Each structure stands twice: as C-alpha cells, then as structure tokens.
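Input: a single structure, listed below in structure tokens.
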Amino acid sequence: MSTTADRVHSEHETCWLELLKSKWKALMLCVSVLRLGVMGRMKRIMMVLLLVYISIPFIIKLFPSIQAKLVFLNFVRRPYFIDLKRPLDQGLNHTHNFYMEPVMGQKIGVWHTVPAHMWRDSQGKDGDWFKSMFSSTHPVILYLHGNSGTRGGDHRVQLYKVLSSLGYHVVAFDYRGWGDSDGYPSEGAMTDDALFIYDWLKQQMGKSLPLYIWGHSLGTGVGTNLVKRLCDRGSPPDALVLESPFTNIREEAKSHPFSMVYRFLPGFDWFFLDSISANNICFTSDENVNHISCPVLILHAEDDPVVPFHLGKKVQVFGVEYVKTCQSVLNVISQLPPLFVCWETWTMSQLKHLWFAWF
C-alpha cells in the first residue's frame with residue numbers, strides 16, 4: 001500500500017518538475033524575445049543616429065545658408081515674449097526706443113539709455129529730449145551685441161545699467177534681421193548698420209565728447225570691421241573695447257563646443273568652414289587690428305566656454321605692434337571693476353580668471 005502511495009507521490013513530483021521546467025523555458029524564451037527586441041530597437045536607434053551624424057555635413061555643404069543661420073542665430077530671440085518697444089519692462093526706466101533707416105525701407109530698432117543720474121529728468125520725455133542729451137558732457141558708448149537674442153537680452157540690459165550708472169550714454173541696436181529690425185543678416189549689413197549709427201551719433205554729439213565702441217563676442221568682429229573703416233577714412237573712435245574677441249570666424253567655428261563632435265572628421269574644413277566662407281562671413285579681427293590706430297581694450301575670461309581665451313590672446317598679439325596706448329582707454333579701465341559683478345554670463349570662476357589687456 002505504501003509502495004503504491006510512494007509511486008503516486010513520485011509521479012506527482014515528476015509532473016510538477018516537468019511543469020516548472022516548461023514554465024521556466026517559456027519564461028526564458030520570453031526574456032530572449034524581449035532582449036532581442038530591445039537590442040533590435042537599440043540597433044535601429046544607433047543606425048538612425050549614425051545616419052543623422054553622417055548626413056548633417058552633407059546637408060550643410062549642399063545648403064550653406066544653414067551655416068549662416070547657425071553663425072548669426074538671429075532667429076533665437078531670448079528672452080522670449082518681450083516688447084522691445086518698452087525698455088521700461090526690462091527695468092530701463094531711462095531708455096528711449098526708436099527706429100532708424102540705414103537703408104531705404106528697412107528700419108532697425110535702437111535703444112538710447114542716458115546716464116543713470118538723469119533718470120528722473122527723463123520721465124515722460126520724448127525723442128527730441130533724449131537726442132538733445134547727446135550734447136551733454138557725458139561720453140557715449142556704442143554697444144554691438146553678439147549673435148542670438150536681441151538688444152533686450154538680460155545680460156546686455158545689466159551691462160547697460162552698469163555703464164549708465166558710471167555716467168555713460170549707452171546706445172544699443174539690433175542689426176538687420178535681429179529683434180524687431182527689418183531685413184536679413186549678413187556681415188556687410190551688420191557693419192553698415194554700425195557705421196550708420198556711429199555717423200549719426202557723431203552728428204548729435206559735441207566735437208569734444210568721446211565716443212567709444214564696445215563689441216561683445218560676434219560683435220567684436222563687427223567692431224573691428226567698423227573701426228578699420230573709420231581708421232581708413234581718418235576718423236577713428238576714441239577707443240575700442242573688445243569683450244571675448246576671436247581672431248576670425250573660421251578659427252572660432254573650429255573651436256566652438258558645437259563643433260566638437262565633427263572637429264576631427266576628415267574634411268571638416270571643407271564641409272563646415274568653407275560653407276561659412278561661401279556666405280561671405282569672415283570677421284577677420286586678426287587682420288583688422290593691423291589697421292586700427294585708436295586705443296583697444298580686450299576683456300576675456302581664461303575659462304570662457306564659448307570663445308576660447310587663446311583666440312582673444314591672439315588678437316592682442318596681432319595688434320600690439322600697431323595700436324598705441326591712450327589715456328582715453330585708461331579712463332575706461334578705471335571704471336571697469338564694478339562691471340564684472342553684474343554680468344550674468346560670467347561664472348564666479350570666470351571672474352577669478354578674468355584677463356584684460358590694452359594696447
């Protein structure tokens with residue numbers, strides 16, 4: 001009797017073991033299928049990424065206008081949803097917005113910020129009052145901003161406030177194609193717009209008042225283009241300030257963080273840099289400084305993540321033999337320390353490694 005029971009018990013155990021084995025095999029089969037599915041998806045994703053990586057250089061080579069848009073980034077309007085007609089909304093309660101036409105039928109937007117101590121007098125005043133203030137005893141800074149954003153960018157507004165608090169008139173504008181300005185961007189148009197505003201300012205100002213030009217990032221290329229023209233015609237500005245300058249656009253593009261994934265690709269120059277040149281974009285500050293006869297001040301952070309420090313240093317090396325030191329630049333330098341704490345684009349480490357040179 002016990003033998004029969006043991007046999008039945010053994011058969012039950014065998015059945016359970018066989019059932020567990022079959023379930024385990026089914027489970028492992030499902031896991032294998034899922035693993036193959038995940039691996040398949042991963043392979044497909046990797047193939048798509050590889051295809052995109054390979055396609056981008058050819059797309060840019062075939063359509064070089066894309067590269068121009070990436071250089072200017074004028075379609076990026078940070079901060080978004082601001083009314084450039086109302087600088088008051090950005091905390092500039094002593095700033096006047098107006099428009100000028102460097103080319104018939106194309107307007108560019110301009111801000112004029114008077115020295116901070118005039119803010120109370122400026123309340124409710126019209127454009128004629130602001131224009132008349134150019135004949136006061138205060139110097140003027142023409143500010144040339146970099147790529148992307150508008151004249152209402154946060155870090156730019158902070159700089160206007162600081163320079164205004166130091167007693168300067170600040171005139172900032174958006175090149176053609178930027179902000180609410182008409183037209184399309186190009187290196188020539190940017191330089192023409194800057195020259196137009198500069199000549200207009202000289203007409204409004206007293207002959208003895210200094211006029212400085214301040215360029216930042218891509219605006220340093222515009223600045224050296226502008227000052228080269230002014231020096232060639234015998235009417236240089238009182239000083240040129242270059243904040244985070246680069247030697248030329250090809251070297252800057254090759255050093256830019258965005259180019260890191262393609263920098264060592266065979267044919268990088270042919271695919272990317274030649275596409276920039278095809279749009280007549282050069283910004284050759286390294287050549288321009290050889291023709292500049294006014295004092296130049298360079299500001300650069302040693303750990304600048306966008307425009308490498310060594311490019312700013314090279315600009316100084318190229319120009320040091322050609323440009324003489326002048327008291328007007330020393331006057332600007334004496335006002336500089338308060339500027340650094342207000343620039344939102346610089347980290348504390350960058351403030352510690354700030355480098356400046358004047359020549």
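Within each chain, counting starts at residue 1; across the structure tokens, chains are named A, B, ... in the order shown, with ligands numbered 1 upward in that order.
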Quiz item: Could you name the residues that touch stretch 232-239 of chain A at 8 Å or less, counting only C-alpha atoms, but leaving out those on the same chain fewer than 4 positions away, as JSON, numbers by chain?
Solution: {"A": [210, 211, 212, 213, 227, 228, 291, 292, 293, 294, 295, 296, 297, 328, 329]}
Quiz item: Mind checking DSSP for stretch 46-177 of chain A and telling me the helix (DSSP H, G or I) residues as a count of residues only?
Solution: 57
Quiz item: Counting only C-alpha atoms, what is within 7 Å of A:Leu209, bar same-chain residues fewer than 4 positions away, as a list in words?
Solution: Thr137, Pro139 and Met205 of chain A
Quiz item: Which residue gives the smallest distance to A:Glu187 among A:Cys231, A:Ile281, A:Ala301, A:Ile54, with only C-alpha atoms counted?
Solution: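 For A:Glu187, the nearest of the candidates is A:Ile281.
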Quiz prompt | Proximity to A:Asp89 - best of A:Gly152, A:Trp129, A:Phe58, A:Asp192, only C-alpha atoms | solution =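 Closest to A:Asp89, using only C-alpha atoms: A:Gly152.
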Self-check item: Of the listed residues A:Pro115, A:His94, A:Arg78, A:Gly127, that which approaches A:Gly149 most closely, counting only C-alpha atoms
Solution: A:Arg78
Quiz item: Where in stretch 52-296 of chain A does DSSP assign strand (DSSP E or B), given as JSON, numbers by chain?
Solution: {"A": [95, 96, 97, 98, 99, 100, 101, 102, 103, 106, 107, 108, 109, 110, 111, 112, 113, 140, 141, 142, 143, 144, 169, 170, 171, 172, 173, 211, 212, 213, 214, 215, 216, 239, 240, 241, 242, 243, 296]}
Practice problem: Counting only C-alpha atoms, figure out which residue out of A:Trp119, A:Tyr175, A:Gly105, A:Val140 gets nearest to A:Phe196. | Solution: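 Residue with the minimum atom-to-atom distance to A:Phe196: A:Tyr175.
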Quiz prompt | Exercise: A:Ser181 partners within 6 Å, only C-alpha atoms, chain neighbours under 2 positions left out, as a list in words | solution =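 The neighbour list is Lys107, Ile108, Gly109, Arg176, Gly177, Trp178 and Gly179 of chain A.
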I need the chosen residues saved as a short mmCIF file (atom, residue, chain, number, x, y, z; two decimals), in the first residue's frame, with C-alpha atoms.
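File written: out_1.cif
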```cif
data_model
loop_
_atom_site.label_atom_id
_atom_site.label_comp_id
_atom_site.auth_asym_id
_atom_site.auth_seq_id
_atom_site.Cartn_x
_atom_site.Cartn_y
_atom_site.Cartn_z
CA LYS A 107 14.22 100.01 -40.14
CA ILE A 108 16.43 98.93 -37.26
CA GLY A 109 15.49 99.18 -33.58
CA ARG A 176 19.14 93.94 -39.70
CA GLY A 177 17.37 90.63 -39.17
CA TRP A 178 17.64 90.71 -35.36
CA GLY A 179 14.87 91.52 -32.91
#
```
